[in-house]
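Contents: one structure, followed by commentary.
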Amino acid sequence: MFLLFLALATVIWALAKFSKESTATVSARLDYVNSPDTISVASNTSRHVSFDITGNGFQFLSYKLKEPVIEIDLSAHYQPGETQVVIPNPELAKLITDQLSNNTLVRNVTGDDLVIELDVMSTKMVAIKLDQRLSYADGYRTDGSVVIIPDSVMLSGPSILIEALDSVVTEPLIETNLSEDFAKTISLISPESDKIKYSTLEVDVQVPIGEFTQKILSVPVQLVNVPPNTKVQLMPEVAQIRFEISVDLYQTVNELDFEIRCDFSKKHGEAAYLVPELIRSPEGLLHVDLLTDKLDYLIFE
């Protein structure tokens, strides 16, 4: 019985204590809502506000257990073209009062007027760069260009952040011992700022793989810029060229697909030789090397 009466007395004392009105300082979080698409709240804008309230102990206890959240409706205060929104201190106090309990009296909001700094939002299309780390089985190579779908991404965010970006990089694509075509979906590396948004977060990568072999051809050399009434004889009249080519295309490429020239006006002083230059070669070849680095010549007047 003693413990029962003690408990009842404690409850009655607590009710009497917490029912009394008093004044205390409370901190609340500011939540900016309904932001127009053309702006965002800058990171240096205040996210908390402190103020004095007059209320009972139960209200103070609830605010201590859970920080109150005050919503600031930007659409009600923003005017197009503005770079900041200013809410006077008395108006802010009224906003806080309206969103707290009806029995709570808000006073002495800390600081001056609430200044909400704004970032102007913009969009920009940038290229996607593939971070590829591919290795191939012996005799195999990429047969054509690696395809990225899509090859660009639309960025949206604060202008000051967007302007500094000219590309977006993928997560590393690591594959080894490749010997056949493959495709894979990989993610883009997340932006450093959570204010920047991507129009897509993933891309499809297609890598064509083919078997390659080496081929050597002897290509006739064209002689240009020979003075009038002068006959020049190259020795030999061909230059060797070496390249790697897809096995499927091996029979389709011959010496007529190349153009090699020697410019007589660039002859090396008294030395009787000319340096051949590769002018034209087919697409799709790898490691094209001109094996002949110089050609001798004779002049017949």
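Scheme for the structure tokens: letters A, B, ... for chains in order shown; per-chain residue numbers from 1; ligand numbers from 1 in order shown.
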
Spatial neighbours of Ser156 in chain A, max dist 10 Å, only C-alpha atoms, sep filter under 2 positions, as a ChimeraX atom specification = /A:38,121-125,153-154,158-159,161-162,195-199

Selection file, C-alpha atoms, as a CSV table (one decimal), in the first residue's frame:
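File part.csv, as written:
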```csv
chain,number,residue,atom,x,y,z
A,38,THR,CA,14.7,26.5,-61.8
A,121,MET,CA,19.5,25.4,-61.8
A,122,SER,CA,20.6,24.6,-65.4
A,123,THR,CA,21.0,21.6,-67.6
A,124,LYS,CA,23.9,20.4,-69.8
A,125,MET,CA,24.5,17.5,-72.1
A,153,VAL,CA,24.0,12.1,-70.4
A,154,MET,CA,21.9,15.2,-69.4
A,158,PRO,CA,23.2,24.3,-59.9
A,159,SER,CA,24.8,26.3,-62.7
A,161,LEU,CA,28.5,23.0,-60.5
A,162,ILE,CA,27.3,22.0,-64.0
A,195,LYS,CA,22.6,18.4,-56.1
A,196,ILE,CA,23.6,17.1,-59.5
A,197,LYS,CA,21.2,14.7,-61.2
A,198,TYR,CA,21.9,12.4,-64.2
A,199,SER,CA,19.2,11.6,-66.8
```

request  = Could you find all residues in range 64-265 of chain A that DSSP calls helix (DSSP H, G or I) from the backbone, and write them as a ChimeraX atom specification?
outcome  = /A:64-65,74-76,89-99,159-162,247-252,255-257,264-265

ask   = For Val219 in chain A, which residue among A:Arg107, A:His48, A:Arg261, A:His268 is the nearest when counting only C-alpha atoms?
value = A:Arg261

inquiry  = List the spatial neighbours of Ser265 in chain A as a list of chain:residue names - criterion: any atom at most 12 Å away, only C-alpha atoms, same-chain residues fewer than 2 positions off excluded.
reply    = A:Leu223, A:Val224, A:Asn225, A:Val226, A:Pro227, A:Arg261, A:Cys262, A:Asp263, A:Lys267, A:His268, A:Gly269, A:Tyr273, A:Leu274, A:Val275

May I have the residues from that selection written out with C-alpha atoms, as a short mmCIF file (atom, residue, chain, number, x, y, z; two decimals), in the first residue's frame?
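In the end it all went to again.cif:
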```
data_model
loop_
_atom_site.label_atom_id
_atom_site.label_comp_id
_atom_site.auth_asym_id
_atom_site.auth_seq_id
_atom_site.Cartn_x
_atom_site.Cartn_y
_atom_site.Cartn_z
CA LEU A 223 57.32 9.78 -106.90
CA VAL A 224 56.18 13.43 -106.84
CA ASN A 225 57.72 16.90 -107.37
CA VAL A 226 60.34 15.70 -109.86
CA PRO A 227 61.88 18.67 -111.80
CA ARG A 261 54.74 8.62 -101.80
CA CYS A 262 58.26 9.92 -102.02
CA ASP A 263 58.62 13.70 -102.38
CA LYS A 267 65.58 14.57 -100.71
CA HIS A 268 68.23 14.45 -98.01
CA GLY A 269 71.03 16.73 -99.19
CA TYR A 273 67.86 8.44 -100.80
CA LEU A 274 64.24 9.48 -100.26
CA VAL A 275 61.96 8.82 -97.29
#
```

Considering only C-alpha atoms, tabulate each residue of range 61-130 of chain A that lies at most 12 Å from range 179-190 of chain A along with its nearest interatomic pair and the corresponding distance in Å to one decimal; arrange the rows by chain and ascending residue number and present them as a Markdown table.
```
| residue | atom | partner | partner_atom | distance |
| --- | --- | --- | --- | --- |
| A:Ala127 | CA | A:Leu188 | CA | 11.6 |
| A:Ile128 | CA | A:Leu188 | CA | 8.4 |
| A:Lys129 | CA | A:Leu188 | CA | 9.3 |
| A:Leu130 | CA | A:Leu188 | CA | 9.1 |
```

Limited to N, CA and C atoms, could you put the picked residues into a file as a CSV table (one decimal), in the first residue's frame?
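To be explicit, this is the file written out as again_10.csv:
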```
chain,number,residue,atom,x,y,z
A,127,ALA,N,29.4,14.2,-72.6
A,127,ALA,CA,29.8,12.9,-73.1
A,127,ALA,C,30.1,12.0,-72.0
A,128,ILE,N,29.8,10.7,-72.3
A,128,ILE,CA,30.2,9.6,-71.3
A,128,ILE,C,31.5,9.0,-71.7
A,129,LYS,N,32.4,8.9,-70.8
A,129,LYS,CA,33.7,8.3,-71.1
A,129,LYS,C,33.8,6.9,-70.4
A,130,LEU,N,34.2,6.0,-71.2
A,130,LEU,CA,34.2,4.6,-70.7
A,130,LEU,C,35.6,4.3,-70.1
```

ask   = Mind checking DSSP for range 130-259 of chain A and telling me the strand (DSSP E) residues as a PyMOL selection string?
value = chain A and resi 132-136+140-142+147-149+152-158+167-169+173-178+182-187+197-198+202-207+209-224+231-235+238-246+259

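Close contacts of Ile299 in chain A, defined as residues with an atom at most 10 Å away when counting only C-alpha atoms, with chain neighbours fewer than 5 positions off set aside, comprise Thr230, Lys231, Val232, Gln233, Leu234 and Ala272 of chain A.
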
Keeping only N, CA and C atoms, write the selected residues to a file as a compact mmCIF listing (two decimals), in the first residue's frame.
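Listing of result.txt after writing:
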```txt
# COMPACT_ATOMS: atom_id res chain seq x y z
N THR A 230 63.76 15.83 -115.95
CA THR A 230 64.60 14.98 -115.08
C THR A 230 63.88 13.65 -114.88
N LYS A 231 64.65 12.60 -115.05
CA LYS A 231 64.10 11.27 -114.83
C LYS A 231 64.75 10.66 -113.60
N VAL A 232 63.90 10.21 -112.67
CA VAL A 232 64.38 9.63 -111.41
C VAL A 232 63.90 8.20 -111.33
N GLN A 233 64.83 7.31 -110.99
CA GLN A 233 64.51 5.90 -110.83
C GLN A 233 64.67 5.49 -109.37
N LEU A 234 63.57 5.07 -108.72
CA LEU A 234 63.64 4.58 -107.34
C LEU A 234 64.18 3.16 -107.32
N ALA A 272 71.83 10.06 -101.51
CA ALA A 272 70.97 9.62 -102.60
C ALA A 272 69.87 8.69 -102.09
```

task = May I have the residues within 7 Å of range 86-99 of chain A as JSON, numbers by chain, using only C-alpha atoms and disregarding those fewer than 6 positions away in the same chain?
result = {"A": [70, 105, 106, 109, 112, 113, 114, 115, 116]}

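The closest residue to His77 in chain A, picked from A:Ile260, A:Met235, A:Val221, A:Val33 and counting only C-alpha atoms, is A:Val33.
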
Atom-to-atom span, CA of Pro172 in chain A and CA of Asp138 in chain A, Å = 22.6 Å
